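S.K.: So I've got this file, upload_37.cif, and it contains mmCIF, N, CA and C atoms:
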```cif
data_start
#
loop_
_atom_site.label_atom_id
_atom_site.label_comp_id
_atom_site.auth_asym_id
_atom_site.auth_seq_id
_atom_site.Cartn_x
_atom_site.Cartn_y
_atom_site.Cartn_z
N MET A 193 -11.03 210.81 -85.23
CA MET A 193 -11.40 210.80 -86.64
C MET A 193 -12.78 211.43 -86.79
N ASP A 194 -13.00 212.03 -87.92
CA ASP A 194 -14.33 212.63 -88.08
C ASP A 194 -15.34 211.58 -88.55
N ASN A 195 -16.58 211.86 -88.27
CA ASN A 195 -17.68 210.92 -88.52
C ASN A 195 -17.76 210.49 -89.98
N ASN A 196 -17.57 211.45 -90.90
CA ASN A 196 -17.68 211.14 -92.32
C ASN A 196 -16.57 210.18 -92.75
N ASP A 197 -15.37 210.38 -92.23
CA ASP A 197 -14.26 209.49 -92.57
C ASP A 197 -14.51 208.08 -92.05
N ILE A 198 -15.05 207.97 -90.85
CA ILE A 198 -15.38 206.65 -90.28
C ILE A 198 -16.41 205.97 -91.18
N LEU A 199 -17.46 206.69 -91.56
CA LEU A 199 -18.50 206.12 -92.42
C LEU A 199 -17.93 205.70 -93.77
N ARG A 200 -17.09 206.55 -94.38
CA ARG A 200 -16.47 206.20 -95.67
C ARG A 200 -15.64 204.93 -95.56
N ARG A 201 -14.83 204.85 -94.52
CA ARG A 201 -13.95 203.68 -94.36
C ARG A 201 -14.75 202.40 -94.11
N LEU A 202 -15.79 202.50 -93.29
CA LEU A 202 -16.62 201.32 -93.02
C LEU A 202 -17.36 200.87 -94.28
N ARG A 203 -17.83 201.81 -95.04
CA ARG A 203 -18.51 201.48 -96.30
C ARG A 203 -17.56 200.73 -97.23
N TYR A 204 -16.30 201.16 -97.28
CA TYR A 204 -15.30 200.50 -98.11
C TYR A 204 -14.98 199.10 -97.57
N ILE A 205 -14.77 199.01 -96.26
CA ILE A 205 -14.43 197.72 -95.62
C ILE A 205 -15.53 196.69 -95.87
N LEU A 206 -16.77 197.13 -95.71
CA LEU A 206 -17.91 196.22 -95.85
C LEU A 206 -18.37 196.06 -97.31
N ASN A 207 -17.80 196.88 -98.19
CA ASN A 207 -18.16 196.85 -99.61
C ASN A 207 -19.66 197.11 -99.79
N TYR A 208 -20.16 198.12 -99.09
CA TYR A 208 -21.58 198.49 -99.15
C TYR A 208 -21.79 199.60 -100.17
N ASN A 209 -22.92 199.53 -100.86
CA ASN A 209 -23.33 200.66 -101.70
C ASN A 209 -24.29 201.53 -100.88
N ASP A 210 -24.77 202.60 -101.48
CA ASP A 210 -25.63 203.54 -100.75
C ASP A 210 -26.90 202.87 -100.23
N GLU A 211 -27.47 201.96 -101.03
CA GLU A 211 -28.69 201.27 -100.61
C GLU A 211 -28.44 200.39 -99.39
N GLN A 212 -27.29 199.75 -99.35
CA GLN A 212 -26.96 198.89 -98.21
C GLN A 212 -26.73 199.73 -96.95
N VAL A 213 -26.08 200.88 -97.09
CA VAL A 213 -25.90 201.78 -95.94
C VAL A 213 -27.27 202.23 -95.44
N GLN A 214 -28.13 202.58 -96.38
CA GLN A 214 -29.48 203.01 -96.03
C GLN A 214 -30.24 201.89 -95.31
N ALA A 215 -30.10 200.65 -95.79
CA ALA A 215 -30.79 199.51 -95.18
C ALA A 215 -30.26 199.23 -93.77
N VAL A 216 -28.96 199.35 -93.57
CA VAL A 216 -28.39 199.13 -92.23
C VAL A 216 -28.93 200.16 -91.26
N LEU A 217 -28.98 201.41 -91.69
CA LEU A 217 -29.53 202.46 -90.83
C LEU A 217 -31.03 202.24 -90.58
N ALA A 218 -31.74 201.81 -91.60
CA ALA A 218 -33.18 201.55 -91.44
C ALA A 218 -33.44 200.41 -90.46
N SER A 219 -32.52 199.44 -90.41
CA SER A 219 -32.71 198.29 -89.51
C SER A 219 -32.69 198.69 -88.04
N VAL A 220 -32.15 199.86 -87.75
CA VAL A 220 -32.12 200.34 -86.36
C VAL A 220 -33.00 201.59 -86.20
N GLY A 221 -33.90 201.81 -87.17
CA GLY A 221 -34.89 202.87 -87.04
C GLY A 221 -34.46 204.23 -87.52
N GLU A 222 -33.36 204.34 -88.23
CA GLU A 222 -32.90 205.63 -88.75
C GLU A 222 -33.28 205.75 -90.21
N THR A 223 -34.11 206.73 -90.54
CA THR A 223 -34.53 206.95 -91.91
C THR A 223 -33.66 208.04 -92.53
N VAL A 224 -32.90 207.64 -93.54
CA VAL A 224 -31.99 208.57 -94.22
C VAL A 224 -32.14 208.36 -95.72
N THR A 225 -32.14 209.45 -96.47
CA THR A 225 -32.25 209.34 -97.92
C THR A 225 -30.89 208.98 -98.52
N LYS A 226 -30.94 208.43 -99.73
CA LYS A 226 -29.70 208.11 -100.44
C LYS A 226 -28.90 209.38 -100.72
N GLU A 227 -29.61 210.46 -100.98
CA GLU A 227 -28.94 211.73 -101.26
C GLU A 227 -28.16 212.21 -100.03
N THR A 228 -28.74 212.06 -98.85
CA THR A 228 -28.04 212.44 -97.62
C THR A 228 -26.79 211.58 -97.43
N ILE A 229 -26.91 210.29 -97.69
CA ILE A 229 -25.76 209.38 -97.57
C ILE A 229 -24.67 209.81 -98.55
N ARG A 230 -25.04 210.14 -99.77
CA ARG A 230 -24.05 210.59 -100.76
C ARG A 230 -23.34 211.86 -100.29
N MET A 231 -24.10 212.75 -99.66
CA MET A 231 -23.51 214.00 -99.17
C MET A 231 -22.57 213.72 -97.99
N TRP A 232 -22.89 212.71 -97.16
CA TRP A 232 -22.00 212.33 -96.06
C TRP A 232 -20.69 211.76 -96.58
N LEU A 233 -20.76 211.07 -97.71
CA LEU A 233 -19.59 210.39 -98.25
C LEU A 233 -18.67 211.30 -99.07
N LYS A 234 -19.12 212.51 -99.35
CA LYS A 234 -18.29 213.46 -100.10
C LYS A 234 -17.17 213.99 -99.21
N ARG A 235 -16.17 214.54 -99.84
CA ARG A 235 -15.05 215.17 -99.13
C ARG A 235 -15.46 216.57 -98.67
N GLU A 236 -14.79 217.05 -97.64
CA GLU A 236 -15.13 218.36 -97.09
C GLU A 236 -15.03 219.48 -98.11
N GLU A 237 -14.16 219.32 -99.10
CA GLU A 237 -13.95 220.36 -100.11
C GLU A 237 -15.14 220.50 -101.05
N ASP A 238 -15.95 219.44 -101.17
CA ASP A 238 -17.09 219.46 -102.08
C ASP A 238 -18.19 220.39 -101.55
N ALA A 239 -18.85 221.07 -102.48
CA ALA A 239 -19.91 222.01 -102.12
C ALA A 239 -21.10 221.29 -101.47
N ASP A 240 -21.34 220.03 -101.86
CA ASP A 240 -22.49 219.27 -101.33
C ASP A 240 -22.19 218.52 -100.04
N PHE A 241 -20.99 218.68 -99.49
CA PHE A 241 -20.60 217.96 -98.28
C PHE A 241 -21.57 218.26 -97.14
N LEU A 242 -21.92 217.20 -96.40
CA LEU A 242 -22.78 217.34 -95.23
C LEU A 242 -22.16 216.56 -94.09
N PHE A 243 -22.01 217.20 -92.93
CA PHE A 243 -21.42 216.52 -91.78
C PHE A 243 -22.37 215.43 -91.27
N CYS A 244 -21.83 214.25 -91.04
CA CYS A 244 -22.62 213.12 -90.54
C CYS A 244 -22.77 213.25 -89.02
N PRO A 245 -23.99 213.29 -88.51
CA PRO A 245 -24.19 213.45 -87.07
C PRO A 245 -23.69 212.25 -86.26
N ASN A 246 -23.29 212.52 -85.02
CA ASN A 246 -22.80 211.47 -84.12
C ASN A 246 -23.80 210.32 -84.01
N GLN A 247 -25.07 210.67 -83.83
CA GLN A 247 -26.09 209.65 -83.63
C GLN A 247 -26.21 208.73 -84.84
N SER A 248 -26.03 209.24 -86.04
CA SER A 248 -26.11 208.41 -87.24
C SER A 248 -24.95 207.42 -87.30
N VAL A 249 -23.76 207.85 -86.89
CA VAL A 249 -22.61 206.93 -86.86
C VAL A 249 -22.85 205.84 -85.84
N ILE A 250 -23.32 206.21 -84.65
CA ILE A 250 -23.61 205.22 -83.61
C ILE A 250 -24.65 204.23 -84.10
N LEU A 251 -25.72 204.73 -84.72
CA LEU A 251 -26.76 203.84 -85.23
C LEU A 251 -26.25 202.96 -86.36
N PHE A 252 -25.37 203.49 -87.20
CA PHE A 252 -24.78 202.67 -88.27
C PHE A 252 -23.96 201.53 -87.66
N LEU A 253 -23.18 201.83 -86.64
CA LEU A 253 -22.40 200.79 -85.96
C LEU A 253 -23.32 199.76 -85.32
N ASP A 254 -24.40 200.23 -84.69
CA ASP A 254 -25.37 199.30 -84.10
C ASP A 254 -26.02 198.43 -85.18
N GLY A 255 -26.30 199.03 -86.34
CA GLY A 255 -26.87 198.29 -87.46
C GLY A 255 -25.93 197.22 -87.99
N ILE A 256 -24.64 197.53 -88.01
CA ILE A 256 -23.65 196.54 -88.45
C ILE A 256 -23.63 195.37 -87.47
N ILE A 257 -23.66 195.69 -86.17
CA ILE A 257 -23.70 194.63 -85.15
C ILE A 257 -24.95 193.78 -85.35
N LEU A 258 -26.09 194.42 -85.55
CA LEU A 258 -27.35 193.70 -85.75
C LEU A 258 -27.27 192.80 -86.98
N LYS A 259 -26.70 193.31 -88.05
CA LYS A 259 -26.61 192.54 -89.30
C LYS A 259 -25.65 191.35 -89.16
N LYS A 260 -24.54 191.56 -88.49
CA LYS A 260 -23.52 190.51 -88.40
C LYS A 260 -23.76 189.54 -87.24
N ARG A 261 -24.36 190.01 -86.16
CA ARG A 261 -24.49 189.18 -84.96
C ARG A 261 -25.93 188.82 -84.62
N GLY A 262 -26.89 189.51 -85.21
CA GLY A 262 -28.29 189.26 -84.89
C GLY A 262 -28.76 190.17 -83.78
N PRO A 263 -30.06 190.11 -83.46
CA PRO A 263 -30.61 190.98 -82.43
C PRO A 263 -30.05 190.66 -81.05
N ARG A 264 -29.97 191.67 -80.24
CA ARG A 264 -29.44 191.54 -78.89
C ARG A 264 -30.57 191.18 -77.92
N GLU A 265 -30.25 190.29 -77.02
CA GLU A 265 -31.23 189.91 -75.99
C GLU A 265 -31.18 190.94 -74.87
N GLY A 266 -32.31 191.11 -74.21
CA GLY A 266 -32.34 192.02 -73.06
C GLY A 266 -32.71 193.43 -73.46
N ALA A 267 -32.29 194.35 -72.63
CA ALA A 267 -32.62 195.76 -72.82
C ALA A 267 -31.94 196.32 -74.07
N PRO A 268 -32.59 197.32 -74.69
CA PRO A 268 -31.95 197.95 -75.85
C PRO A 268 -30.69 198.69 -75.41
N PRO A 269 -29.74 198.89 -76.33
CA PRO A 269 -28.51 199.57 -75.95
C PRO A 269 -28.80 201.00 -75.47
N ARG A 270 -28.03 201.44 -74.50
CA ARG A 270 -28.24 202.79 -73.98
C ARG A 270 -27.60 203.80 -74.92
N VAL A 271 -28.07 205.02 -74.85
CA VAL A 271 -27.53 206.08 -75.68
C VAL A 271 -26.11 206.39 -75.19
N GLU A 272 -25.18 206.41 -76.13
CA GLU A 272 -23.79 206.62 -75.77
C GLU A 272 -23.23 207.82 -76.51
N LYS A 273 -22.17 208.37 -75.97
CA LYS A 273 -21.48 209.48 -76.61
C LYS A 273 -20.45 208.92 -77.58
N LEU A 274 -20.44 209.42 -78.80
CA LEU A 274 -19.52 208.92 -79.82
C LEU A 274 -18.09 209.28 -79.46
N SER A 275 -17.23 208.27 -79.54
CA SER A 275 -15.79 208.46 -79.33
C SER A 275 -15.07 207.37 -80.12
N ASN A 276 -13.78 207.54 -80.30
CA ASN A 276 -12.99 206.50 -80.96
C ASN A 276 -13.07 205.20 -80.17
N ASN A 277 -13.12 205.30 -78.84
CA ASN A 277 -13.22 204.10 -78.00
C ASN A 277 -14.50 203.34 -78.32
N LEU A 278 -15.60 204.07 -78.47
CA LEU A 278 -16.89 203.43 -78.77
C LEU A 278 -16.87 202.78 -80.15
N VAL A 279 -16.29 203.45 -81.13
CA VAL A 279 -16.20 202.90 -82.48
C VAL A 279 -15.39 201.60 -82.45
N LEU A 280 -14.25 201.63 -81.78
CA LEU A 280 -13.40 200.44 -81.66
C LEU A 280 -14.15 199.29 -80.98
N LYS A 281 -14.84 199.61 -79.90
CA LYS A 281 -15.60 198.60 -79.15
C LYS A 281 -16.71 197.98 -80.00
N LYS A 282 -17.48 198.81 -80.69
CA LYS A 282 -18.60 198.30 -81.49
C LYS A 282 -18.12 197.49 -82.68
N LEU A 283 -17.00 197.90 -83.29
CA LEU A 283 -16.47 197.12 -84.41
C LEU A 283 -15.88 195.80 -83.94
N LYS A 284 -15.30 195.80 -82.76
CA LYS A 284 -14.79 194.55 -82.18
C LYS A 284 -15.94 193.57 -81.98
N ILE A 285 -17.07 194.07 -81.51
CA ILE A 285 -18.26 193.24 -81.31
C ILE A 285 -18.82 192.78 -82.66
N ALA A 286 -18.97 193.72 -83.58
CA ALA A 286 -19.58 193.41 -84.88
C ALA A 286 -18.81 192.34 -85.63
N PHE A 287 -17.49 192.41 -85.60
CA PHE A 287 -16.67 191.47 -86.35
C PHE A 287 -16.24 190.27 -85.51
N SER A 288 -16.82 190.14 -84.30
CA SER A 288 -16.52 189.03 -83.40
C SER A 288 -15.01 188.85 -83.20
N LEU A 289 -14.35 189.95 -82.89
CA LEU A 289 -12.91 189.92 -82.72
C LEU A 289 -12.53 189.78 -81.25
N GLN A 290 -11.51 189.01 -81.00
CA GLN A 290 -10.91 188.92 -79.68
C GLN A 290 -9.78 189.95 -79.62
N SER A 291 -9.28 190.20 -78.43
CA SER A 291 -8.19 191.18 -78.27
C SER A 291 -6.99 190.81 -79.13
N ASP A 292 -6.67 189.53 -79.18
CA ASP A 292 -5.53 189.10 -79.99
C ASP A 292 -5.75 189.39 -81.48
N ASP A 293 -7.00 189.29 -81.93
CA ASP A 293 -7.32 189.60 -83.32
C ASP A 293 -7.09 191.09 -83.62
N VAL A 294 -7.54 191.93 -82.69
CA VAL A 294 -7.36 193.38 -82.84
C VAL A 294 -5.88 193.71 -82.86
N LEU A 295 -5.13 193.13 -81.95
CA LEU A 295 -3.69 193.38 -81.90
C LEU A 295 -3.01 192.92 -83.18
N GLN A 296 -3.46 191.81 -83.75
CA GLN A 296 -2.88 191.31 -84.99
C GLN A 296 -3.19 192.25 -86.17
N LEU A 297 -4.42 192.76 -86.21
CA LEU A 297 -4.77 193.72 -87.26
C LEU A 297 -3.89 194.95 -87.18
N LEU A 298 -3.65 195.43 -85.95
CA LEU A 298 -2.79 196.59 -85.76
C LEU A 298 -1.34 196.26 -86.13
N LYS A 299 -0.90 195.07 -85.75
CA LYS A 299 0.47 194.64 -86.05
C LYS A 299 0.67 194.56 -87.57
N ASN A 300 -0.34 194.09 -88.28
CA ASN A 300 -0.26 194.00 -89.74
C ASN A 300 -0.07 195.37 -90.39
N GLU A 301 -0.46 196.40 -89.68
CA GLU A 301 -0.30 197.77 -90.17
C GLU A 301 0.94 198.43 -89.56
N ASP A 302 1.83 197.61 -89.00
CA ASP A 302 3.06 198.09 -88.34
C ASP A 302 2.77 199.05 -87.20
N PHE A 303 1.71 198.77 -86.47
CA PHE A 303 1.36 199.57 -85.30
C PHE A 303 1.35 198.64 -84.09
N ARG A 304 2.24 198.86 -83.17
CA ARG A 304 2.38 197.99 -82.00
C ARG A 304 1.60 198.56 -80.82
N LEU A 305 0.91 197.66 -80.17
CA LEU A 305 0.13 198.01 -78.99
C LEU A 305 0.13 196.79 -78.08
N SER A 306 0.26 196.99 -76.77
CA SER A 306 0.24 195.86 -75.86
C SER A 306 -1.20 195.50 -75.52
N LYS A 307 -1.39 194.31 -74.98
CA LYS A 307 -2.72 193.87 -74.56
C LYS A 307 -3.29 194.78 -73.48
N HIS A 308 -2.42 195.25 -72.60
CA HIS A 308 -2.85 196.14 -71.51
C HIS A 308 -3.31 197.49 -72.06
N GLU A 309 -2.58 198.01 -73.05
CA GLU A 309 -2.97 199.27 -73.66
C GLU A 309 -4.32 199.13 -74.36
N LEU A 310 -4.50 198.01 -75.05
CA LEU A 310 -5.76 197.77 -75.74
C LEU A 310 -6.92 197.65 -74.76
N SER A 311 -6.73 196.91 -73.69
CA SER A 311 -7.83 196.73 -72.73
C SER A 311 -8.21 198.05 -72.06
N ALA A 312 -7.27 199.00 -71.98
CA ALA A 312 -7.58 200.30 -71.38
C ALA A 312 -8.60 201.07 -72.22
N PHE A 313 -8.66 200.81 -73.53
CA PHE A 313 -9.62 201.47 -74.40
C PHE A 313 -11.05 201.02 -74.11
N PHE A 314 -11.22 199.82 -73.59
CA PHE A 314 -12.55 199.26 -73.39
C PHE A 314 -13.06 199.44 -71.96
N ARG A 315 -12.31 200.09 -71.12
CA ARG A 315 -12.72 200.34 -69.74
C ARG A 315 -13.70 201.51 -69.68
N SER A 316 -14.36 201.62 -68.56
CA SER A 316 -15.25 202.74 -68.31
C SER A 316 -14.41 204.02 -68.19
N PRO A 317 -14.89 205.13 -68.71
CA PRO A 317 -14.12 206.38 -68.60
C PRO A 317 -13.81 206.78 -67.15
N SER A 318 -14.58 206.28 -66.21
CA SER A 318 -14.32 206.62 -64.81
C SER A 318 -13.24 205.72 -64.19
N HIS A 319 -12.85 204.67 -64.88
CA HIS A 319 -11.84 203.75 -64.36
C HIS A 319 -10.47 204.43 -64.39
N LYS A 320 -9.66 204.16 -63.39
CA LYS A 320 -8.37 204.86 -63.28
C LYS A 320 -7.39 204.47 -64.40
N HIS A 321 -7.58 203.32 -65.04
CA HIS A 321 -6.70 202.88 -66.11
C HIS A 321 -7.30 203.09 -67.51
N TYR A 322 -8.42 203.81 -67.57
CA TYR A 322 -9.04 204.13 -68.85
C TYR A 322 -8.07 204.96 -69.68
N ARG A 323 -8.07 204.73 -70.99
CA ARG A 323 -7.22 205.47 -71.90
C ARG A 323 -8.03 205.85 -73.14
N VAL A 324 -7.87 207.06 -73.59
CA VAL A 324 -8.58 207.53 -74.78
C VAL A 324 -7.92 206.92 -76.02
N CYS A 325 -8.74 206.39 -76.90
CA CYS A 325 -8.25 205.83 -78.16
C CYS A 325 -8.01 206.99 -79.13
N LEU A 326 -6.76 207.17 -79.51
CA LEU A 326 -6.40 208.26 -80.39
C LEU A 326 -6.76 207.93 -81.84
N ASP A 327 -6.87 208.96 -82.66
CA ASP A 327 -7.20 208.79 -84.08
C ASP A 327 -6.25 207.82 -84.77
N GLN A 328 -4.97 207.90 -84.42
CA GLN A 328 -3.95 207.05 -85.04
C GLN A 328 -4.26 205.56 -84.82
N VAL A 329 -4.70 205.20 -83.63
CA VAL A 329 -5.03 203.81 -83.32
C VAL A 329 -6.24 203.37 -84.13
N LEU A 330 -7.30 204.17 -84.11
CA LEU A 330 -8.52 203.81 -84.85
C LEU A 330 -8.25 203.75 -86.35
N ARG A 331 -7.48 204.69 -86.86
CA ARG A 331 -7.16 204.71 -88.29
C ARG A 331 -6.41 203.43 -88.69
N ASN A 332 -5.43 203.02 -87.89
CA ASN A 332 -4.67 201.80 -88.19
C ASN A 332 -5.54 200.56 -88.05
N PHE A 333 -6.44 200.55 -87.07
CA PHE A 333 -7.36 199.43 -86.91
C PHE A 333 -8.27 199.30 -88.13
N LEU A 334 -8.84 200.41 -88.58
CA LEU A 334 -9.72 200.38 -89.75
C LEU A 334 -8.94 199.96 -90.99
N GLN A 335 -7.70 200.42 -91.11
CA GLN A 335 -6.87 200.03 -92.24
C GLN A 335 -6.57 198.54 -92.17
N GLY A 336 -6.34 198.02 -90.97
CA GLY A 336 -6.13 196.59 -90.79
C GLY A 336 -7.35 195.77 -91.18
N LEU A 337 -8.53 196.26 -90.84
CA LEU A 337 -9.77 195.59 -91.23
C LEU A 337 -9.92 195.60 -92.76
N ALA A 338 -9.59 196.73 -93.36
CA ALA A 338 -9.72 196.85 -94.82
C ALA A 338 -8.75 195.91 -95.53
N ASN A 339 -7.59 195.71 -94.97
CA ASN A 339 -6.56 194.88 -95.61
C ASN A 339 -6.64 193.40 -95.25
N SER A 340 -7.49 193.08 -94.28
CA SER A 340 -7.60 191.67 -93.86
C SER A 340 -8.44 190.89 -94.86
N PRO A 341 -8.18 189.59 -94.98
CA PRO A 341 -9.01 188.78 -95.88
C PRO A 341 -10.45 188.75 -95.37
N LYS A 342 -11.36 188.88 -96.28
CA LYS A 342 -12.79 188.93 -95.89
C LYS A 342 -13.34 187.55 -95.62
#
```
Output the file's structure in the form of structure tokens.

M.R.:
Amino acid sequence: MDNNDILRRLRYILNYNDEQVQAVLASVGETVTKETIRMWLKREEDADFLFCPNQSVILFLDGIILKKRGPREGAPPRVEKLSNNLVLKKLKIAFSLQSDDVLQLLKNEDFRLSKHELSAFFRSPSHKHYRVCLDQVLRNFLQGLANSPK
């Protein structure tokens, strides 16, 4: 999924306005104007569309975790490469979801996945059973979050 779509969907799921998105990013040290956020939220067809950088999506996810779970003890999180696997992992942490919860959200969207398939998404990329999380899985997960009772 593209970064802008992820940001749009998360903003809808969390029911955040531009100021709240800006505050979440500011909580992790990212300074972004409201105008930039509005441009990220536009559709690609719009003349004012601006691609949301990978680092901003990662920081937004970290900000959601910070807001929902509080500050992390120990070393600061390491810089990671944005992927669907990382988005799924960070949202699982932010919403305090167990594997069964994730599977239920997917099932509610008529998307079946086994526990073993799900755990493969959270493995290290160097692990022999690692599996790339496809857009279809992440899209259904986000839709499940959007449709779940808040």

S.K.: Within 8 Å of segment 328-331 of chain A, counting all atoms listed in the file, which residues qualify if same-chain residues fewer than 4 places away don't, as a PyMOL selection string?

M.R.: chain A and resi 193+276-277+279-280+298+303+335-337

S.K.: The PyMOL selection byres (((chain A and resi 286 and name CA) around 7) and name CA) on the file shown: which residues, as a ChimeraX atom specification?

M.R.: /A:256-257,260-261,282-285,287-288

S.K.: At most 6.5 Å from (-26.8, 205.0, -98.7), file frame, all atoms listed in the file: which residues, as a ChimeraX atom specification?

M.R.: /A:209-215,225-226,229-230

S.K.: Tell me, in Å to one decimal, how far atom CA of Glu236 of chain A is from atom C of Leu297 of chain A.

M.R.: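 Interatomic distance, atom CA of Glu236 of chain A to atom C of Leu297 of chain A: 27.8 Å.
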
S.K.: Report the distance between atom CA of Trp232 of chain A and atom CA of Cys244 of chain A in Å, rounded to one decimal place.

M.R.: 5.6 Å

S.K.: Counting all atoms listed in the file, which residue out of A:Gly221, A:Val249, A:Lys299, A:Ser318 sits closest to Asn332 of chain A?

M.R.: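 The shortest atom-to-atom distance to Asn332 of chain A comes from A:Lys299.
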
S.K.: Between A:Glu272, A:Ile198, A:Ser291, A:Pro245, which residue has the minimum interatomic distance to Leu310 of chain A, considering all atoms listed in the file?

M.R.: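 Checking each candidate against Leu310 of chain A, we get A:Ser291 as the closest.
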
S.K.: Give me, as a PyMOL selection string, the residues of chain A that a backbone DSSP run labels alpha helix (DSSP H).

M.R.: chain A and resi 195-206+210-218+226-233+246-261+276-286+291-300+307-313+327-339

S.K.: Provide the atom C of His319 of chain A to atom CA of Leu278 of chain A distance in Å, to one decimal place.

M.R.: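 Atom-to-atom, atom C of His319 of chain A and atom CA of Leu278 of chain A are spaced 15.8 Å apart.
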
S.K.: Choose the residue, out of A:Gln290, A:Pro263, A:Met231, A:Asp327, that has the smallest atom-to-atom separation from Asp194 of chain A; count only N, CA and C atoms.

M.R.: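 Looking at the shortest contact to Asp194 of chain A, the residue is A:Asp327.
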
S.K.: Taking only C-alpha atoms into account, name the residue in A:Leu274, A:Val216, A:Val224, A:Leu242 that is nearest to Gly255 of chain A.

M.R.: A:Val216

S.K.: With only C-alpha atoms as the basis for distance, which of A:Lys259, A:Ser219, A:Phe313, A:Asn246 is at the shortest distance from Leu206 of chain A?

M.R.: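 The shortest atom-to-atom distance to Leu206 of chain A comes from A:Lys259.
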
S.K.: With distances taken over only C-alpha atoms, which residue among A:Tyr208, A:Glu222, A:Glu227, A:Arg235 lies nearest Asn195 of chain A?

M.R.: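 Selected residue with least distance to Asn195 of chain A: A:Arg235.
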
S.K.: Report the centre and edge lengths, in Å to one decimal, of an axis-aligned box enclosing every atom of segment 202-213 of chain A listed in the file, padded by 5 Å on each side, as lines of an AutoDock Vina configuration file.

M.R.:
```
center_x = -21.6
center_y = 199.8
center_z = -97.4
size_x = 24.3
size_y = 17.5
size_z = 18.7
```

S.K.: Report the residues retrieved by the PyMOL selection byres (((chain A and resi 312 and name CA) around 6) and name CA) from the displayed file, expressed as a ChimeraX atom specification.

M.R.: /A:309-311,313-315,321-323
